[in-house]
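Asks: File my_file_14.cif below, mmCIF, C-alpha atoms:
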data_data
#
loop_
_atom_site.label_atom_id
_atom_site.label_comp_id
_atom_site.auth_asym_id
_atom_site.auth_seq_id
_atom_site.Cartn_x
_atom_site.Cartn_y
_atom_site.Cartn_z
CA MET A 51 -23.27 6.66 -14.81
CA THR A 52 -19.79 5.41 -13.96
CA ASN A 53 -18.80 1.91 -15.10
CA ARG A 54 -17.67 -0.48 -12.39
CA TYR A 55 -17.44 -4.26 -12.21
CA ILE A 56 -18.39 -7.09 -9.88
CA VAL A 57 -16.06 -9.85 -8.69
CA ASP A 58 -18.38 -12.42 -7.16
CA THR A 59 -16.86 -14.71 -4.56
CA THR A 60 -19.93 -16.71 -3.51
CA LEU A 61 -18.17 -19.92 -4.54
CA ARG A 62 -15.00 -19.15 -2.58
CA ASP A 63 -15.48 -16.76 0.32
CA GLY A 64 -19.23 -17.34 0.43
CA GLU A 65 -18.76 -21.06 0.88
CA GLN A 66 -16.77 -20.30 4.02
CA SER A 67 -20.05 -19.61 5.81
CA PRO A 68 -20.27 -22.02 8.76
CA GLY A 69 -21.41 -25.42 7.50
CA MET A 70 -21.85 -24.26 3.90
CA ALA A 71 -20.85 -26.78 1.24
CA PHE A 72 -22.11 -26.65 -2.34
CA SER A 73 -22.27 -29.68 -4.56
CA ILE A 74 -20.63 -29.50 -7.98
CA ARG A 75 -24.05 -29.19 -9.60
CA GLU A 76 -24.97 -26.33 -7.27
CA LYS A 77 -21.70 -24.54 -7.98
CA ILE A 78 -22.29 -24.78 -11.72
CA THR A 79 -25.87 -23.49 -11.34
CA ILE A 80 -24.65 -20.49 -9.30
CA ALA A 81 -21.78 -19.75 -11.69
CA LYS A 82 -23.99 -19.94 -14.79
CA ALA A 83 -26.53 -17.60 -13.19
CA LEU A 84 -23.82 -15.07 -12.30
CA ASP A 85 -22.35 -15.33 -15.80
CA THR A 86 -25.75 -14.77 -17.43
CA LEU A 87 -26.38 -11.75 -15.19
CA GLY A 88 -23.21 -10.07 -16.46
CA VAL A 89 -20.87 -10.51 -13.50
CA ALA A 90 -17.41 -9.64 -14.85
CA ARG A 91 -15.34 -12.01 -12.75
CA ILE A 92 -16.27 -15.13 -10.78
CA GLU A 93 -13.95 -16.40 -8.06
CA ALA A 94 -14.76 -20.06 -8.59
CA GLY A 95 -12.81 -21.54 -5.71
CA THR A 96 -9.43 -22.70 -4.48
CA PRO A 97 -8.14 -25.51 -6.70
CA ALA A 98 -5.46 -26.40 -4.15
CA MET A 99 -8.23 -27.77 -1.89
CA GLY A 100 -8.20 -31.01 -3.87
CA ARG A 101 -9.60 -33.13 -6.66
CA GLU A 102 -13.28 -32.35 -6.02
CA GLU A 103 -12.62 -28.62 -6.03
CA CYS A 104 -10.66 -28.95 -9.27
CA ARG A 105 -13.47 -30.91 -10.92
CA ALA A 106 -15.96 -28.23 -9.96
CA PHE A 107 -13.62 -25.48 -11.12
CA GLU A 108 -13.09 -27.05 -14.53
CA LYS A 109 -16.83 -27.56 -15.05
CA ILE A 110 -17.54 -23.95 -14.05
CA LYS A 111 -14.93 -22.76 -16.55
CA LEU A 112 -16.63 -24.72 -19.32
CA SER A 113 -20.11 -23.52 -18.30
CA CYS A 114 -19.42 -19.77 -18.25
CA LYS A 115 -19.45 -17.87 -21.53
CA GLN A 116 -18.55 -14.30 -20.53
CA ALA A 117 -17.12 -13.98 -17.03
CA LYS A 118 -13.42 -14.41 -16.36
CA ILE A 119 -12.85 -17.24 -13.89
CA ILE A 120 -10.52 -16.63 -10.96
CA GLY A 121 -8.53 -19.22 -9.07
CA TRP A 122 -7.76 -18.10 -5.50
CA ASN A 123 -4.32 -19.05 -4.19
CA ARG A 124 -2.23 -18.77 -1.14
CA MET A 125 1.17 -17.31 -1.77
CA ASN A 126 2.87 -20.52 -2.85
CA LEU A 127 3.84 -22.21 -6.09
CA SER A 128 1.90 -25.41 -5.47
CA ASP A 129 -1.42 -23.53 -5.20
CA ILE A 130 -0.66 -21.57 -8.35
CA SER A 131 0.20 -24.72 -10.28
CA GLN A 132 -3.19 -26.20 -9.34
CA SER A 133 -5.08 -23.11 -10.52
CA ILE A 134 -3.19 -23.02 -13.80
CA GLY A 135 -3.88 -26.70 -14.30
CA CYS A 136 -7.61 -26.10 -13.84
CA GLY A 137 -7.62 -23.48 -16.58
CA ALA A 138 -8.17 -20.34 -14.50
CA ASP A 139 -8.27 -17.14 -16.54
CA ILE A 140 -6.98 -15.12 -13.60
CA ILE A 141 -4.54 -16.30 -10.95
CA HIS A 142 -5.21 -14.44 -7.71
CA VAL A 143 -2.39 -14.52 -5.16
CA CYS A 144 -3.35 -13.66 -1.59
CA VAL A 145 -0.56 -11.87 0.27
CA PRO A 146 -0.81 -11.40 4.05
CA ALA A 147 -0.14 -7.68 4.53
CA SER A 148 -0.37 -7.13 8.28
CA ASP A 149 2.53 -7.93 10.58
CA LEU A 150 0.14 -10.02 12.67
CA LEU A 151 -0.57 -12.41 9.78
CA ILE A 152 3.01 -12.40 8.53
CA ARG A 153 4.19 -13.38 12.00
CA GLU A 154 1.41 -15.72 13.16
CA LYS A 155 0.10 -17.20 9.90
CA LEU A 156 3.20 -17.44 7.74
CA ARG A 157 5.85 -17.48 10.49
CA THR A 158 8.07 -15.36 8.27
CA THR A 159 9.26 -11.81 7.62
CA ARG A 160 8.29 -8.92 5.37
CA SER A 161 11.37 -9.41 3.20
CA GLN A 162 10.55 -13.08 2.70
CA VAL A 163 6.98 -12.16 1.74
CA LEU A 164 8.31 -9.92 -1.03
CA LYS A 165 10.73 -12.60 -2.22
CA THR A 166 8.03 -15.29 -2.31
CA LEU A 167 5.58 -13.00 -4.07
CA SER A 168 8.12 -12.32 -6.79
CA ALA A 169 8.58 -16.06 -7.39
CA CYS A 170 4.80 -16.56 -7.53
CA ALA A 171 4.39 -13.76 -10.05
CA ALA A 172 7.09 -15.26 -12.26
CA ALA A 173 5.26 -18.60 -12.23
CA VAL A 174 1.99 -16.95 -13.28
CA HIS A 175 3.58 -14.97 -16.09
CA SER A 176 5.48 -18.01 -17.36
CA GLU A 177 2.09 -19.58 -18.12
CA LYS A 178 0.80 -16.34 -19.66
CA ARG A 179 -2.03 -15.94 -17.17
CA GLU A 180 -3.39 -12.72 -15.74
CA LEU A 181 -2.08 -11.98 -12.25
CA THR A 182 -4.04 -10.22 -9.55
CA ILE A 183 -2.71 -9.65 -6.05
CA GLY A 184 -4.74 -9.38 -2.87
CA LEU A 185 -3.55 -7.68 0.30
CA GLU A 186 -5.02 -9.78 3.10
CA ASP A 187 -5.78 -7.89 6.32
CA ALA A 188 -4.71 -4.67 4.62
CA SER A 189 -6.95 -2.59 6.88
CA ARG A 190 -4.78 -3.55 9.88
CA ALA A 191 -1.42 -3.38 8.10
CA ASP A 192 1.35 -0.82 8.48
CA TRP A 193 0.73 1.70 5.70
CA ASN A 194 4.39 1.93 4.70
CA PHE A 195 4.41 -1.80 4.01
CA VAL A 196 1.10 -1.55 2.14
CA VAL A 197 2.70 1.06 -0.12
CA LEU A 198 5.69 -1.22 -0.68
CA LEU A 199 3.36 -4.11 -1.56
CA ILE A 200 1.43 -1.90 -4.00
CA GLU A 201 4.66 -0.81 -5.69
CA THR A 202 5.79 -4.44 -5.81
CA ALA A 203 2.46 -5.55 -7.33
CA GLN A 204 2.85 -2.93 -10.05
CA HIS A 205 6.45 -3.95 -10.72
CA LEU A 206 5.44 -7.62 -10.93
CA GLY A 207 2.79 -6.93 -13.54
CA ALA A 208 -0.36 -7.43 -11.50
CA THR A 209 -3.39 -6.02 -13.31
CA THR A 210 -5.51 -5.57 -10.18
CA LEU A 211 -4.80 -4.92 -6.51
CA ARG A 212 -7.37 -6.25 -4.03
CA PHE A 213 -7.59 -4.25 -0.82
CA SER A 214 -9.09 -6.56 1.80
CA ASP A 215 -10.79 -5.52 5.01
CA THR A 216 -10.41 -9.12 6.12
CA VAL A 217 -11.85 -8.78 9.61
CA GLY A 218 -14.45 -6.13 8.75
CA ILE A 219 -13.20 -3.27 10.94
CA MET A 220 -13.44 -0.36 8.49
CA SER A 221 -15.98 2.45 8.40
CA PRO A 222 -16.94 4.37 5.23
CA SER A 223 -14.92 7.40 6.33
CA LEU A 224 -11.82 5.29 6.99
CA CYS A 225 -12.38 3.45 3.72
CA LYS A 226 -12.54 6.74 1.85
CA ALA A 227 -9.34 8.03 3.43
CA THR A 228 -7.53 4.75 2.75
CA ILE A 229 -8.56 4.08 -0.86
CA ASN A 230 -7.82 7.70 -1.76
CA ARG A 231 -4.20 7.10 -0.73
CA ILE A 232 -3.69 4.28 -3.25
CA PRO A 233 -2.10 5.44 -6.54
CA ASP A 234 -4.46 5.40 -9.50
CA ASN A 235 -2.05 3.64 -11.87
CA ILE A 236 -3.29 0.18 -10.88
CA ASP A 237 -6.86 -1.10 -10.89
CA ILE A 238 -8.22 -1.37 -7.36
CA GLU A 239 -10.60 -4.03 -6.09
CA VAL A 240 -12.29 -3.69 -2.69
CA HIS A 241 -13.07 -6.77 -0.61
CA MET A 242 -15.18 -5.89 2.40
CA HIS A 243 -16.43 -8.05 5.26
CA ASN A 244 -19.58 -7.36 7.24
CA ASP A 245 -18.49 -7.82 10.86
CA LEU A 246 -19.68 -4.30 11.76
CA GLY A 247 -22.53 -4.32 9.23
CA MET A 248 -20.79 -1.98 6.80
CA ALA A 249 -19.60 -4.21 3.93
CA VAL A 250 -22.02 -2.66 1.42
CA ALA A 251 -21.38 0.91 2.61
CA ASN A 252 -17.61 0.40 2.55
CA SER A 253 -17.76 -1.15 -0.91
CA ILE A 254 -19.75 1.82 -2.23
CA GLN A 255 -17.30 4.24 -0.68
CA GLY A 256 -14.37 2.36 -2.20
CA LEU A 257 -16.00 2.45 -5.63
CA ARG A 258 -16.71 6.16 -5.31
CA CYS A 259 -13.04 6.70 -4.48
CA GLY A 260 -11.95 5.07 -7.70
CA ALA A 261 -11.97 1.33 -7.14
CA LYS A 262 -12.84 -0.46 -10.38
CA TYR A 263 -14.06 -3.72 -8.83
CA ALA A 264 -16.12 -4.67 -5.80
CA ASP A 265 -16.21 -8.19 -4.35
CA THR A 266 -19.67 -9.54 -3.52
CA THR A 267 -21.55 -12.70 -2.58
CA LEU A 268 -25.14 -13.73 -3.15
CA PHE A 269 -27.25 -12.73 -0.15
CA GLY A 270 -24.09 -11.51 1.60
CA ILE A 271 -22.98 -14.98 2.71
CA GLY A 272 -19.41 -15.54 3.84
CA GLU A 273 -17.24 -16.35 6.82
CA ARG A 274 -18.30 -14.88 10.18
CA ALA A 275 -20.82 -12.06 9.44
CA GLY A 276 -20.49 -12.40 5.66
CA ASN A 277 -19.41 -10.28 2.71
CA CYS A 278 -20.84 -7.46 0.61
CA ASN A 279 -24.35 -8.42 -0.56
CA LEU A 280 -24.57 -8.30 -4.37
CA GLU A 281 -28.24 -7.34 -4.56
CA HIS A 282 -27.95 -4.67 -1.86
CA LEU A 283 -24.95 -3.14 -3.60
CA LEU A 284 -26.83 -2.96 -6.90
CA ILE A 285 -29.94 -1.45 -5.29
CA ALA A 286 -27.95 1.12 -3.31
CA THR A 287 -26.05 2.34 -6.38
CA GLN A 288 -28.86 2.43 -8.96
CA GLY A 289 -28.46 5.45 -11.20
CA GLN A 290 -24.94 6.10 -9.85
CA LEU A 291 -22.80 3.12 -10.88
CA ASP A 292 -23.26 0.78 -13.82
CA PHE A 293 -22.07 -2.79 -13.24
CA GLY A 294 -23.57 -4.11 -16.46
CA ILE A 295 -25.94 -6.28 -14.42
CA ASN A 296 -29.72 -6.40 -14.84
CA LEU A 297 -31.13 -6.05 -11.32
CA ASP A 298 -34.57 -7.25 -12.41
CA GLU A 299 -32.99 -10.38 -13.86
CA LEU A 300 -31.13 -10.99 -10.60
CA GLN A 301 -34.30 -10.63 -8.56
CA TRP A 302 -36.15 -12.93 -10.96
CA ARG A 303 -33.50 -15.63 -10.44
CA GLN A 304 -33.35 -15.22 -6.67
CA ALA A 305 -35.86 -17.96 -5.87
CA ASP A 306 -33.71 -20.63 -7.51
CA LEU A 307 -30.53 -19.25 -5.97
CA LYS A 308 -32.10 -18.96 -2.53
CA SER A 309 -33.14 -22.61 -2.68
CA ILE A 310 -29.47 -23.54 -3.05
CA ILE A 311 -28.07 -21.10 -0.48
CA TYR A 312 -30.64 -21.64 2.24
CA LYS A 313 -30.76 -25.41 1.77
CA ASN A 314 -27.09 -25.36 2.71
CA ASN A 315 -27.74 -22.99 5.62
CA LEU A 316 -30.50 -25.20 6.98
CA ALA A 317 -28.37 -28.28 6.58
CA SER A 318 -25.72 -26.72 8.78
CA ALA A 319 -28.14 -25.49 11.48
#
Using the file provided, produce a representation of the structure as structure tokens.
Replies:
Amino acid sequence: MTNRYIVDTTLRDGEQSPGMAFSIREKITIAKALDTLGVARIEAGTPAMGREECRAFEKIKLSCKQAKIIGWNRMNLSDISQSIGCGADIIHVCVPASDLLIREKLRTTRSQVLKTLSACAAAVHSEKRELTIGLEDASRADWNFVVLLIETAQHLGATTLRFSDTVGIMSPSLCKATINRIPDNIDIEVHMHNDLGMAVANSIQGLRCGAKYADTTLFGIGERAGNCNLEHLLIATQGQLDFGINLDELQWRQADLKSIIYKNNLASA
């Protein structure tokens, strides 16, 4: 079997489910369960959100024994400083890749994106932290600019490139064609949303095309229609891909995890 790894984002993207809000205790319980299961990387949150998020992040970092803990950041120095201050093992910088987001979200230009990304990378490296770069809305971006961002990520010393289907528009065939175009001299991470019901299928296709990491959430929670479901991904790839995770152990722990997830869902109903 081929070795691949899970980046679980239940505590970051998963918490963006409508009305979802975990307490610090719940976040620690989820993180410890994921760590015990063998999840390689846990995206523990966005420290720039404030003091409560930082407190949770720091406690998660202390509670996890194996998994690397990721701090998610917008492409700015203030966010990065917060993640470094919280002790994140990995500093993830999210870079809007499509012209739509560059224009409407950042109100800037491609050249300014590259300049700002370079400054962010320098800040991460100055603190001797691992840098990963995510291409937000990459599935709707101009491919020539995607290539330039990939080359820039490599030049800036990013260890992993996250390809994000942010609005969930990809199909497995399109995913295959796209991931196959990315050079294999940087580790690829696929981040798939479930708007068309294909987050698991697209994640599997990305992994089969050479991606080293797949982003997941418990029970597939996440903004809008959710993210790639961790359990479904593991079941669908049994005997094909080895994530170092005991599926039986995950299913045994599901009752406790469901009580946390669905309590939050019911509270928001």
Asks: Evaluate the PyMOL selection byres ((chain A and resi 261-278) around 8) and record the selected residues as a short mmCIF file (atom, residue, chain, number, x, y, z; two decimals) with C-alpha atoms, in the frame of the given file, following the chain and residue labels used in the document.
Replies:
data_model
loop_
_atom_site.label_atom_id
_atom_site.label_comp_id
_atom_site.auth_asym_id
_atom_site.auth_seq_id
_atom_site.Cartn_x
_atom_site.Cartn_y
_atom_site.Cartn_z
CA ASN A 53 -18.80 1.91 -15.10
CA ARG A 54 -17.67 -0.48 -12.39
CA TYR A 55 -17.44 -4.26 -12.21
CA ILE A 56 -18.39 -7.09 -9.88
CA VAL A 57 -16.06 -9.85 -8.69
CA ASP A 58 -18.38 -12.42 -7.16
CA THR A 59 -16.86 -14.71 -4.56
CA THR A 60 -19.93 -16.71 -3.51
CA ASP A 63 -15.48 -16.76 0.32
CA GLY A 64 -19.23 -17.34 0.43
CA GLU A 65 -18.76 -21.06 0.88
CA GLN A 66 -16.77 -20.30 4.02
CA SER A 67 -20.05 -19.61 5.81
CA PRO A 68 -20.27 -22.02 8.76
CA ILE A 229 -8.56 4.08 -0.86
CA ASP A 237 -6.86 -1.10 -10.89
CA ILE A 238 -8.22 -1.37 -7.36
CA GLU A 239 -10.60 -4.03 -6.09
CA VAL A 240 -12.29 -3.69 -2.69
CA HIS A 241 -13.07 -6.77 -0.61
CA MET A 242 -15.18 -5.89 2.40
CA HIS A 243 -16.43 -8.05 5.26
CA ASN A 244 -19.58 -7.36 7.24
CA ASP A 245 -18.49 -7.82 10.86
CA GLY A 247 -22.53 -4.32 9.23
CA ALA A 249 -19.60 -4.21 3.93
CA VAL A 250 -22.02 -2.66 1.42
CA SER A 253 -17.76 -1.15 -0.91
CA GLY A 256 -14.37 2.36 -2.20
CA LEU A 257 -16.00 2.45 -5.63
CA ARG A 258 -16.71 6.16 -5.31
CA CYS A 259 -13.04 6.70 -4.48
CA GLY A 260 -11.95 5.07 -7.70
CA ASN A 279 -24.35 -8.42 -0.56
CA LEU A 280 -24.57 -8.30 -4.37
CA GLU A 281 -28.24 -7.34 -4.56
CA LEU A 283 -24.95 -3.14 -3.60
#
Asks: With the PyMOL selection byres ((chain A and resi 297) around 8) as the selection, what would be picked from this file? Answer as an MDAnalysis selection string, please.
Replies: chainID A and resid 281 284:285 295:296 298:301
Asks: List the neighbours of Arg91 (chain A) out to 6 Å using all atoms listed in the file; skip same-chain residues closer than 4 positions along the sequence, and give me the result as a list in words.
Replies: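 The neighbour list is Val57, Ala117, Lys118 and Ile119 of chain A.
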Asks: With all atoms listed in the file as the basis for distance, which of A:Gly218, A:Gly207, A:Gly135, A:Gly88 is at the shortest distance from Asn252 (chain A)?
Replies: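 Answer, going by the shortest atom-to-atom distance: A:Gly218.
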Asks: Measuring atom to atom with all atoms listed in the file, identify which of A:Ala138, A:Met125, A:Ala203, A:Ile219 is nearest to Asn235 (chain A).
Replies: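 Using all atoms listed in the file, the shortest distance to Asn235 (chain A) belongs to A:Ala203.
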Asks: I'd like to see the residues matched by the PyMOL selection byres ((chain A and resi 85) around 7) on this file, and ideally I'd get them as a list in words.
Replies: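 Going through the file, the PyMOL selection byres ((chain A and resi 85) around 7) ends up selecting Ala81, Lys82, Ala83, Leu84, Thr86, Leu87, Gly88, Val89, Cys114, Lys115, Gln116 and Ala117 of chain A.
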Asks: Between CA of Ala305 (chain A) and CA of Lys111 (chain A), what is the spacing in Å?
Replies: 24.0 Å
Asks: With all atoms listed in the file as the basis for distance, which of A:Ile92, A:Leu167, A:Leu291, A:Ala251 is at the shortest distance from Ile183 (chain A)?
Replies: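 Checking each of A:Ile92, A:Leu167, A:Leu291, A:Ala251 against Ile183 (chain A), counting all atoms listed in the file, the winner is A:Leu167.
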